[in-house]
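Structure data (mmCIF, C-alpha atoms) from input_12.cif:
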```
data_start
loop_
_atom_site.group_PDB
_atom_site.id
_atom_site.type_symbol
_atom_site.label_atom_id
_atom_site.label_comp_id
_atom_site.auth_asym_id
_atom_site.auth_seq_id
_atom_site.Cartn_x
_atom_site.Cartn_y
_atom_site.Cartn_z
ATOM 1 C CA ARG A 1 0.000 0.000 0.000
ATOM 2 C CA GLY A 2 3.019 2.249 0.182
ATOM 3 C CA TRP A 3 2.248 3.376 3.739
ATOM 4 C CA ASN A 4 4.867 5.083 5.839
ATOM 5 C CA THR A 5 5.349 3.291 9.160
ATOM 6 C CA ARG A 6 5.679 6.584 11.008
ATOM 7 C CA ARG A 7 3.039 8.681 9.317
ATOM 8 C CA ASP A 8 0.475 5.935 8.726
ATOM 9 C CA PHE A 9 1.015 3.859 11.873
ATOM 10 C CA PRO A 10 -2.645 4.211 13.042
ATOM 11 C CA LYS A 11 -3.858 3.007 9.635
ATOM 12 C CA ILE A 12 -1.531 0.039 9.859
ATOM 13 C CA LEU A 13 -2.959 -0.929 13.259
ATOM 14 C CA ASP A 14 -6.502 -0.692 11.890
ATOM 15 C CA GLU A 15 -5.518 -2.891 8.948
ATOM 16 C CA ILE A 16 -4.007 -5.514 11.274
ATOM 17 C CA ALA A 17 -7.151 -5.465 13.401
ATOM 18 C CA SER A 18 -9.303 -6.124 10.331
ATOM 19 C CA TRP A 19 -7.093 -9.105 9.426
ATOM 20 C CA LEU A 20 -7.507 -10.551 12.903
ATOM 21 C CA GLY A 21 -11.256 -10.036 12.820
ATOM 22 C CA GLU A 22 -11.344 -7.810 15.903
ATOM 23 C CA ILE A 23 -14.296 -5.478 16.367
ATOM 24 C CA PRO A 24 -13.230 -1.925 16.961
ATOM 25 C CA PRO A 25 -14.380 -0.518 20.297
ATOM 26 C CA THR A 26 -17.528 1.519 20.246
ATOM 27 C CA VAL A 27 -16.885 5.114 21.142
ATOM 28 C CA ARG A 28 -19.750 6.518 23.172
ATOM 29 C CA PRO A 29 -20.294 10.250 23.388
ATOM 30 C CA LYS A 30 -19.934 11.827 26.784
ATOM 31 C CA SER A 31 -23.193 12.404 28.558
ATOM 32 C CA TYR A 32 -23.765 15.713 30.268
ATOM 33 C CA LYS A 33 -26.313 16.191 32.978
ATOM 34 C CA LYS A 34 -27.965 19.477 33.759
ATOM 35 C CA GLY A 35 -27.619 19.642 37.491
ATOM 36 C CA PRO A 36 -25.217 20.284 40.347
ATOM 37 C CA PRO A 37 -21.872 18.445 40.428
ATOM 38 C CA MET A 38 -22.069 15.307 42.543
ATOM 39 C CA ASP A 39 -18.416 14.262 42.919
ATOM 40 C CA ASN A 40 -17.787 13.598 46.611
ATOM 41 C CA LEU A 41 -20.470 15.947 47.894
ATOM 42 C CA GLY A 42 -23.441 13.633 47.549
ATOM 43 C CA PRO A 43 -26.887 14.885 46.513
ATOM 44 C CA HIS A 44 -27.784 18.476 47.229
ATOM 45 C CA THR A 45 -29.790 19.104 50.390
ATOM 46 C CA GLY A 46 -31.230 22.467 49.384
ATOM 47 C CA LYS A 47 -31.813 24.617 46.311
ATOM 48 C CA TRP A 48 -32.782 28.284 46.052
ATOM 49 C CA ASP A 49 -33.541 30.307 42.937
ATOM 50 C CA TYR A 50 -32.583 33.940 42.394
ATOM 51 C CA HIS A 51 -34.459 36.079 39.864
ATOM 52 C CA ASP A 52 -33.946 39.445 38.224
ATOM 53 C CA ARG A 53 -36.357 42.396 38.416
ATOM 54 C CA ASN A 54 -38.540 40.871 35.697
ATOM 55 C CA GLY A 55 -38.836 37.493 37.390
ATOM 56 C CA ASN A 56 -36.350 35.716 35.108
ATOM 57 C CA LEU A 57 -34.248 32.990 36.709
ATOM 58 C CA VAL A 58 -30.578 34.035 36.862
ATOM 59 C CA VAL A 59 -28.892 31.947 39.581
ATOM 60 C CA CYS A 60 -29.556 28.637 41.355
ATOM 61 C CA VAL A 61 -27.789 28.097 44.675
ATOM 62 C CA TYR A 62 -27.318 24.483 45.788
ATOM 63 C CA ARG A 63 -26.485 23.385 49.312
ATOM 64 C CA TYR A 64 -24.481 20.251 50.131
ATOM 65 C CA ASP A 65 -23.869 18.602 53.482
ATOM 66 C CA PRO A 66 -21.042 16.097 52.842
ATOM 67 C CA PRO A 67 -20.482 13.647 55.734
ATOM 68 C CA GLY A 68 -17.928 14.890 58.226
ATOM 69 C CA LYS A 69 -17.507 18.250 56.472
ATOM 70 C CA ARG A 70 -18.943 21.730 56.684
ATOM 71 C CA LYS A 71 -21.930 22.674 54.567
ATOM 72 C CA ILE A 72 -21.099 23.909 51.062
ATOM 73 C CA PHE A 73 -23.043 26.308 48.832
ATOM 74 C CA LEU A 74 -22.504 26.284 45.057
ATOM 75 C CA PRO A 75 -24.119 28.897 42.803
ATOM 76 C CA LEU A 76 -24.950 28.099 39.172
ATOM 77 C CA ASP A 77 -25.148 31.111 36.851
ATOM 78 C CA VAL A 78 -28.035 30.073 34.598
ATOM 79 C CA ARG A 79 -27.133 32.555 31.870
ATOM 80 C CA THR A 80 -23.514 31.441 31.457
ATOM 81 C CA GLY A 81 -23.809 27.841 32.670
ATOM 82 C CA CYS A 82 -20.812 28.405 34.972
ATOM 83 C CA TRP A 83 -20.618 27.184 38.548
ATOM 84 C CA LYS A 84 -19.918 30.565 40.091
ATOM 85 C CA ALA A 85 -21.859 33.583 41.295
ATOM 86 C CA PRO A 86 -22.350 36.461 38.854
ATOM 87 C CA THR A 87 -20.294 39.608 39.329
ATOM 88 C CA ILE A 88 -23.305 41.542 40.637
ATOM 89 C CA ARG A 89 -25.729 39.412 42.600
ATOM 90 C CA PRO A 90 -29.473 40.040 43.025
ATOM 91 C CA LEU A 91 -31.283 39.907 46.329
ATOM 92 C CA PHE A 92 -33.266 36.762 47.045
ATOM 93 C CA ASN A 93 -37.031 36.914 46.320
ATOM 94 C CA LEU A 94 -36.432 40.085 44.309
ATOM 95 C CA PRO A 95 -39.849 40.410 42.550
ATOM 96 C CA GLN A 96 -41.642 40.456 45.929
ATOM 97 C CA VAL A 97 -39.089 42.854 47.394
ATOM 98 C CA ILE A 98 -39.719 45.319 44.574
ATOM 99 C CA ALA A 99 -43.507 45.060 44.933
ATOM 100 C CA ASN A 100 -43.639 45.768 48.698
ATOM 101 C CA ASP A 101 -42.728 48.651 50.989
ATOM 102 C CA PHE A 102 -41.688 46.570 54.027
ATOM 103 C CA VAL A 103 -38.953 43.943 53.781
ATOM 104 C CA ILE A 104 -37.320 41.702 56.377
ATOM 105 C CA MET A 105 -33.666 40.909 55.700
ATOM 106 C CA VAL A 106 -32.410 37.635 57.165
ATOM 107 C CA GLU A 107 -29.201 35.636 57.121
ATOM 108 C CA GLY A 108 -29.747 32.935 54.519
ATOM 109 C CA GLU A 109 -32.268 31.604 52.013
ATOM 110 C CA LYS A 110 -33.717 29.055 54.444
ATOM 111 C CA CYS A 111 -35.007 31.794 56.757
ATOM 112 C CA ALA A 112 -36.161 34.015 53.892
ATOM 113 C CA LEU A 113 -38.135 31.176 52.317
ATOM 114 C CA ALA A 114 -39.648 30.172 55.661
ATOM 115 C CA LEU A 115 -40.987 33.712 56.135
ATOM 116 C CA LYS A 116 -42.144 33.903 52.520
ATOM 117 C CA ASN A 117 -44.123 30.692 52.958
ATOM 118 C CA ILE A 118 -46.224 32.299 55.710
ATOM 119 C CA GLY A 119 -46.895 35.446 53.698
ATOM 120 C CA ILE A 120 -44.111 37.727 54.956
ATOM 121 C CA VAL A 121 -41.858 39.479 52.434
ATOM 122 C CA ALA A 122 -38.275 38.525 53.230
ATOM 123 C CA SER A 123 -34.943 38.526 51.449
ATOM 124 C CA THR A 124 -31.276 37.780 51.934
ATOM 125 C CA THR A 125 -27.969 38.034 50.140
ATOM 126 C CA MET A 126 -26.278 35.243 48.230
ATOM 127 C CA HIS A 127 -23.944 33.405 50.678
ATOM 128 C CA GLY A 128 -25.617 35.027 53.689
ATOM 129 C CA ALA A 129 -23.237 36.357 56.340
ATOM 130 C CA THR A 130 -20.215 35.873 54.078
ATOM 131 C CA ALA A 131 -21.724 37.788 51.152
ATOM 132 C CA PRO A 132 -19.472 40.561 49.789
ATOM 133 C CA VAL A 133 -21.359 43.817 50.290
ATOM 134 C CA ASP A 134 -19.956 45.384 47.131
ATOM 135 C CA LYS A 135 -21.082 42.490 44.904
ATOM 136 C CA THR A 136 -24.763 42.637 45.848
ATOM 137 C CA ASP A 137 -27.271 44.938 44.170
ATOM 138 C CA TRP A 138 -28.969 46.619 47.142
ATOM 139 C CA SER A 139 -30.736 49.303 45.102
ATOM 140 C CA PRO A 140 -34.188 47.589 45.191
ATOM 141 C CA LEU A 141 -34.349 48.437 48.928
ATOM 142 C CA ALA A 142 -34.342 52.198 48.249
ATOM 143 C CA GLY A 143 -37.353 53.975 49.761
ATOM 144 C CA LYS A 144 -38.466 50.912 51.766
ATOM 145 C CA ASP A 145 -38.781 50.133 55.476
ATOM 146 C CA VAL A 146 -36.246 47.418 56.296
ATOM 147 C CA LEU A 147 -36.098 45.234 59.396
ATOM 148 C CA VAL A 148 -33.007 43.039 59.784
ATOM 149 C CA TRP A 149 -33.640 39.772 61.671
ATOM 150 C CA PRO A 150 -30.217 38.357 62.629
ATOM 151 C CA ASP A 151 -29.259 34.891 63.784
ATOM 152 C CA LYS A 152 -28.625 34.963 67.529
ATOM 153 C CA ASP A 153 -24.827 34.917 67.531
ATOM 154 C CA ALA A 154 -21.899 37.268 67.012
ATOM 155 C CA VAL A 155 -21.659 36.609 63.268
ATOM 156 C CA GLY A 156 -25.384 37.215 62.885
ATOM 157 C CA TRP A 157 -25.191 40.570 64.663
ATOM 158 C CA GLN A 158 -22.241 41.661 62.528
ATOM 159 C CA TYR A 159 -24.177 40.680 59.394
ATOM 160 C CA ALA A 160 -27.177 42.651 60.654
ATOM 161 C CA GLU A 161 -25.098 45.784 61.192
ATOM 162 C CA ALA A 162 -23.460 45.532 57.768
ATOM 163 C CA THR A 163 -26.866 45.023 56.134
ATOM 164 C CA ALA A 164 -28.335 47.960 58.041
ATOM 165 C CA HIS A 165 -25.529 50.313 57.031
ATOM 166 C CA VAL A 166 -25.669 49.441 53.348
ATOM 167 C CA SER A 167 -29.465 49.757 53.445
ATOM 168 C CA LEU A 168 -28.997 53.324 54.649
ATOM 169 C CA ALA A 169 -26.539 53.994 51.857
ATOM 170 C CA VAL A 170 -29.078 53.084 49.151
ATOM 171 C CA GLY A 171 -31.755 55.337 50.637
ATOM 172 C CA CYS A 172 -34.107 53.186 52.722
ATOM 173 C CA ARG A 173 -36.947 55.037 54.431
ATOM 174 C CA SER A 174 -36.170 53.359 57.765
ATOM 175 C CA VAL A 175 -33.885 50.616 59.066
ATOM 176 C CA ALA A 176 -33.969 48.666 62.324
ATOM 177 C CA ILE A 177 -32.366 45.516 63.720
ATOM 178 C CA LEU A 178 -34.582 43.034 65.547
ATOM 179 C CA ILE A 179 -33.058 41.918 68.839
ATOM 180 C CA PRO A 180 -33.491 38.162 69.402
ATOM 181 C CA PRO A 181 -35.141 37.267 72.744
ATOM 182 C CA ASP A 182 -32.807 36.504 75.631
ATOM 183 C CA ASP A 183 -34.425 33.141 76.312
ATOM 184 C CA LYS A 184 -33.629 31.745 72.864
ATOM 185 C CA PRO A 185 -30.580 29.503 72.256
ATOM 186 C CA GLU A 186 -27.414 30.357 70.352
ATOM 187 C CA LYS A 187 -27.910 30.610 66.562
ATOM 188 C CA TRP A 188 -31.713 30.894 66.898
ATOM 189 C CA ASP A 189 -33.215 32.413 63.743
ATOM 190 C CA ALA A 190 -36.450 33.126 61.874
ATOM 191 C CA ALA A 191 -36.785 29.539 60.607
ATOM 192 C CA ASP A 192 -36.493 28.260 64.181
ATOM 193 C CA ALA A 193 -39.187 30.698 65.319
ATOM 194 C CA ILE A 194 -41.575 29.398 62.666
ATOM 195 C CA ALA A 195 -40.737 25.757 63.472
ATOM 196 C CA GLU A 196 -41.558 26.480 67.132
ATOM 197 C CA GLY A 197 -45.047 27.599 66.130
ATOM 198 C CA MET A 198 -44.453 31.199 67.172
ATOM 199 C CA ASN A 199 -47.008 33.803 66.085
ATOM 200 C CA ILE A 200 -44.612 35.679 63.823
ATOM 201 C CA GLN A 201 -46.880 38.649 63.118
ATOM 202 C CA ALA A 202 -47.422 39.229 66.842
ATOM 203 C CA PHE A 203 -43.713 38.772 67.532
ATOM 204 C CA LEU A 204 -42.734 41.309 64.881
ATOM 205 C CA ALA A 205 -45.222 43.805 66.295
ATOM 206 C CA THR A 206 -43.818 43.602 69.833
ATOM 207 C CA ALA A 207 -40.197 42.430 69.474
ATOM 208 C CA GLU A 208 -37.457 44.658 70.787
ATOM 209 C CA ARG A 209 -35.456 46.343 68.071
ATOM 210 C CA GLN A 210 -32.630 48.786 67.594
ATOM 211 C CA ALA A 211 -33.628 51.654 65.322
ATOM 212 C CA ILE A 212 -30.740 52.511 63.043
ATOM 213 C CA TYR A 213 -32.161 55.331 60.959
ATOM 214 C CA VAL A 214 -35.374 57.009 59.900
ATOM 215 C CA ASN A 215 -35.286 59.253 56.866
ATOM 216 C CA SER A 216 -37.053 62.157 58.562
ATOM 217 C CA THR A 217 -36.901 64.376 55.460
ATOM 218 C CA MET A 218 -38.914 61.820 53.474
ATOM 219 C CA ALA A 219 -41.355 61.225 56.333
ATOM 220 C CA ILE A 220 -42.052 64.943 56.814
ATOM 221 C CA ALA A 221 -42.416 65.548 53.092
ATOM 222 C CA GLU A 222 -45.115 62.864 52.947
ATOM 223 C CA SER A 223 -46.915 64.132 56.079
ATOM 224 C CA SER A 224 -50.230 65.979 55.795
ATOM 225 C CA ASP A 225 -49.258 68.305 58.686
ATOM 226 C CA PRO A 226 -48.174 71.628 57.108
ATOM 227 C CA THR A 227 -46.731 73.046 60.356
ATOM 228 C CA TRP A 228 -43.495 71.135 60.065
ATOM 229 C CA PRO A 229 -41.025 72.626 57.588
ATOM 230 C CA VAL A 230 -38.690 70.349 55.685
ATOM 231 C CA PRO A 231 -35.361 70.567 57.541
ATOM 232 C CA THR A 232 -32.081 71.347 55.887
ATOM 233 C CA PRO A 233 -30.137 68.075 55.870
ATOM 234 C CA ILE A 234 -26.797 67.954 57.639
ATOM 235 C CA ALA A 235 -23.821 67.531 55.355
ATOM 236 C CA HIS A 236 -23.233 63.850 54.820
ATOM 237 C CA VAL A 237 -19.808 62.365 54.345
ATOM 238 C CA GLN A 238 -19.971 59.871 51.488
ATOM 239 C CA GLU A 239 -17.868 57.166 53.026
ATOM 240 C CA GLU A 240 -18.677 53.482 53.057
ATOM 241 C CA PRO A 241 -18.989 52.232 56.663
ATOM 242 C CA ARG A 242 -16.493 49.558 57.603
ATOM 243 C CA PRO A 243 -17.742 46.784 59.894
ATOM 244 C CA TYR A 244 -15.524 46.120 62.910
ATOM 245 C CA PRO A 245 -13.384 42.990 62.266
ATOM 246 C CA LEU A 246 -14.917 40.779 64.941
ATOM 247 C CA GLU A 247 -13.078 37.772 63.544
ATOM 248 C CA ALA A 248 -9.826 39.305 64.853
ATOM 249 C CA LEU A 249 -11.029 38.907 68.462
ATOM 250 C CA PRO A 250 -10.712 35.701 70.498
ATOM 251 C CA ASP A 251 -13.962 33.766 70.832
ATOM 252 C CA VAL A 252 -14.521 34.856 74.442
ATOM 253 C CA LEU A 253 -14.115 38.566 73.694
ATOM 254 C CA ARG A 254 -16.130 38.370 70.468
ATOM 255 C CA ASN A 255 -19.101 36.747 72.205
ATOM 256 C CA ALA A 256 -18.827 39.175 75.104
ATOM 257 C CA ALA A 257 -18.876 42.154 72.709
ATOM 258 C CA TYR A 258 -21.969 40.774 71.004
ATOM 259 C CA GLU A 259 -23.833 40.278 74.295
ATOM 260 C CA VAL A 260 -22.970 43.777 75.538
ATOM 261 C CA ALA A 261 -24.028 45.345 72.209
ATOM 262 C CA ARG A 262 -27.314 43.457 72.250
ATOM 263 C CA PHE A 263 -28.032 44.392 75.872
ATOM 264 C CA VAL A 264 -27.305 48.134 75.652
ATOM 265 C CA LYS A 265 -28.498 48.423 72.005
ATOM 266 C CA VAL A 266 -25.345 49.860 70.462
ATOM 267 C CA PRO A 267 -23.271 48.778 67.447
ATOM 268 C CA VAL A 268 -21.090 45.814 68.294
ATOM 269 C CA ALA A 269 -17.977 47.856 67.445
ATOM 270 C CA SER A 270 -18.512 50.028 70.534
ATOM 271 C CA PRO A 271 -17.919 47.360 73.210
ATOM 272 C CA ALA A 272 -15.464 45.549 70.935
ATOM 273 C CA VAL A 273 -12.951 48.423 70.913
ATOM 274 C CA ILE A 274 -13.270 48.823 74.676
#
```

Written as structure tokens, that's how I'd like the structure from this file.
Amino acid sequence: RGWNTRRDFPKILDEIASWLGEIPPTVRPKSYKKGPPMDNLGPHTGKWDYHDRNGNLVVCVYRYDPPGKRKIFLPLDVRTGCWKAPTIRPLFNLPQVIANDFVIMVEGEKCALALKNIGIVASTTMHGATAPVDKTDWSPLAGKDVLVWPDKDAVGWQYAEATAHVSLAVGCRSVAILIPPDDKPEKWDAADAIAEGMNIQAFLATAERQAIYVNSTMAIAESSDPTWPVPTPIAHVQEEPRPYPLEALPDVLRNAAYEVARFVKVPVASPAVI
């Protein structure tokens, strides 16, 4: 056949195989599954969908609880098909957030969905307490009354303060942090309250809270009482607030700072620096 042993070596092997009567192996195409990666994580134990302002699905967040390891959250960007969060991330339950004037911000999709299921508008940020503030689109909260319901621990309080401050920055009408009851255990949250059978509406109406800010200029402008003039706003320094690095403190001091802040109703940075 005039084949070259170097250049045509694969052809030669095929020819030999045909002489010997061997059946060439069947090459099967790779199968691709639309779903979260299984690998060593096992099946996902939770899934939450994030939508844009028009209700279009943009991100799916999957939760895994591999044996002997910490829980893992993996976001799937539906538009790109990549297993990573988009550069700018929407708030959870965004269509409802936009359509309502009062929103409860919680630490995680589980709590937000639990409140949503009983008719209360709630939201959270992708990755909860570890969410980068600058990568979340907070603008839908502008002009709304926001109540932050933190988990009952130091990390939860720090998340609540960061959420409250950024809510102010985007122009919320009012912002407050709900103070978890003293008789509740560590890490108690909104989902736990619902599981306990608590009357959530009554609790929200009477629960102790720390008021962070009320946009008095907006409130007066909307008032029907003409005797109150619109005040001249004090000059505002446009500087992004920086949460106190609680993670730099030992566990004992960090928990102590959280308890003091919760008891006297001040930002956790105040007792932390003392």

Can you write out as a Markdown table which residues of segment 51-83 of chain A fall within 9 Å of segment 126-148 of chain A, alongside each residue's closest atom pair and its distance in Å to one decimal, counting only C-alpha atoms and ordering rows by chain and ascending residue number?
```
| residue | atom | partner | partner_atom | distance |
| --- | --- | --- | --- | --- |
| A:Arg53 | CA | A:Pro140 | CA | 8.8 |
| A:Val61 | CA | A:Met126 | CA | 8.1 |
| A:Phe73 | CA | A:His127 | CA | 7.4 |
| A:Pro75 | CA | A:Met126 | CA | 8.6 |
```

- Identify the residues within 9 Å of coordinate (-35.0, 38.6, 44.4) (same frame as the file), considering all atoms listed in the file, and give the answer as a PyMOL selection string. chain A and resi 49-53+55+90-98+123-124

Convert the current residue selection to file output with C-alpha atoms, as a short mmCIF file (atom, residue, chain, number, x, y, z; two decimals), in the frame of the given file.
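Below is the file that was written, result_21.cif:
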```cif
data_model
loop_
_atom_site.label_atom_id
_atom_site.label_comp_id
_atom_site.auth_asym_id
_atom_site.auth_seq_id
_atom_site.Cartn_x
_atom_site.Cartn_y
_atom_site.Cartn_z
CA ASP A 49 -33.54 30.31 42.94
CA TYR A 50 -32.58 33.94 42.39
CA HIS A 51 -34.46 36.08 39.86
CA ASP A 52 -33.95 39.44 38.22
CA ARG A 53 -36.36 42.40 38.42
CA GLY A 55 -38.84 37.49 37.39
CA PRO A 90 -29.47 40.04 43.02
CA LEU A 91 -31.28 39.91 46.33
CA PHE A 92 -33.27 36.76 47.04
CA ASN A 93 -37.03 36.91 46.32
CA LEU A 94 -36.43 40.08 44.31
CA PRO A 95 -39.85 40.41 42.55
CA GLN A 96 -41.64 40.46 45.93
CA VAL A 97 -39.09 42.85 47.39
CA ILE A 98 -39.72 45.32 44.57
CA SER A 123 -34.94 38.53 51.45
CA THR A 124 -31.28 37.78 51.93
#
```

- Care to translate the PyMOL selection byres ((chain A and resi 159-163) around 6) into actual residues of this file, as a ChimeraX atom specification? /A:129,148,150,156-158,164-166

Centre, x/y/z edge lengths, axis-aligned box for segment 49-66 of chain A with 3 Å per side, as JSON:
```
{"center_x": -29.9, "center_y": 29.2, "center_z": 44.3, "size_x": 23.8, "size_y": 32.3, "size_z": 24.4}
```

- So which one's closest to Asn255 of chain A, A:Ala112, A:Ala122, A:Leu76, A:Val155? Using all atoms listed in the file, please.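 The answer is A:Val155, which sits nearest to Asn255 of chain A.
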
- Point-to-point distance in Å for atom CA of Trp149 of chain A and atom CA of Cys60 of chain A: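 We find that atom CA of Cys60 of chain A and atom CA of Trp149 of chain A lie 23.5 Å from each other.
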
- Item | Point-to-point distance in Å for atom CA of Ala85 of chain A and atom CA of Asp101 of chain A |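 Distance between the two atoms: 27.5 Å.
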
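The smallest atom-to-atom distance between Glu107 of chain A and any of A:Gln201, A:Pro66, A:Val260, A:Asp153, using all atoms listed in the file, is found for A:Asp153.
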
- Item | Counting only C-alpha atoms, the residue of A:Ile88, A:Cys172, A:Leu249, A:Val106 that sits nearest Trp188 of chain A |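 Selected residue with least distance to Trp188 of chain A: A:Val106.
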
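The spacing separating atom CA of Glu196 of chain A from atom CA of Tyr258 of chain A amounts to 24.6 Å.
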
- Message: For Asp77 of chain A, find every residue with an atom within 8 Å (counting only C-alpha atoms), except residues of its own chain fewer than 5 positions away, and show them as a PyMOL selection string.
- Response: chain A and resi 58-60+82-86

- Item | Nearest candidate to Arg254 of chain A (options A:Val103, A:Ala154, A:Cys111, A:Pro267; using all atoms listed in the file) |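 Looking at the shortest contact to Arg254 of chain A, the residue is A:Ala154.
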
- If we count all atoms listed in the file, what is near Ile212 of chain A at a cut-off of 8 Å, once residues fewer than 4 positions away on the same chain are taken out, given as number ranges by chain? A: 164, 174-177

Any chance you could work out the residue set of the PyMOL selection byres ((chain A and resi 179-187) around 6) here, as a JSON list (two decimals) with C-alpha atoms, keeping the file's coordinate frame?
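The resulting file, selection.json, is reproduced below:
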```
[["chain", "number", "residue", "atom", "x", "y", "z"],
["A", 151, "ASP", "CA", -29.26, 34.89, 63.78],
["A", 152, "LYS", "CA", -28.62, 34.96, 67.53],
["A", 153, "ASP", "CA", -24.83, 34.92, 67.53],
["A", 178, "LEU", "CA", -34.58, 43.03, 65.55],
["A", 188, "TRP", "CA", -31.71, 30.89, 66.90],
["A", 208, "GLU", "CA", -37.46, 44.66, 70.79],
["A", 209, "ARG", "CA", -35.46, 46.34, 68.07]]
```
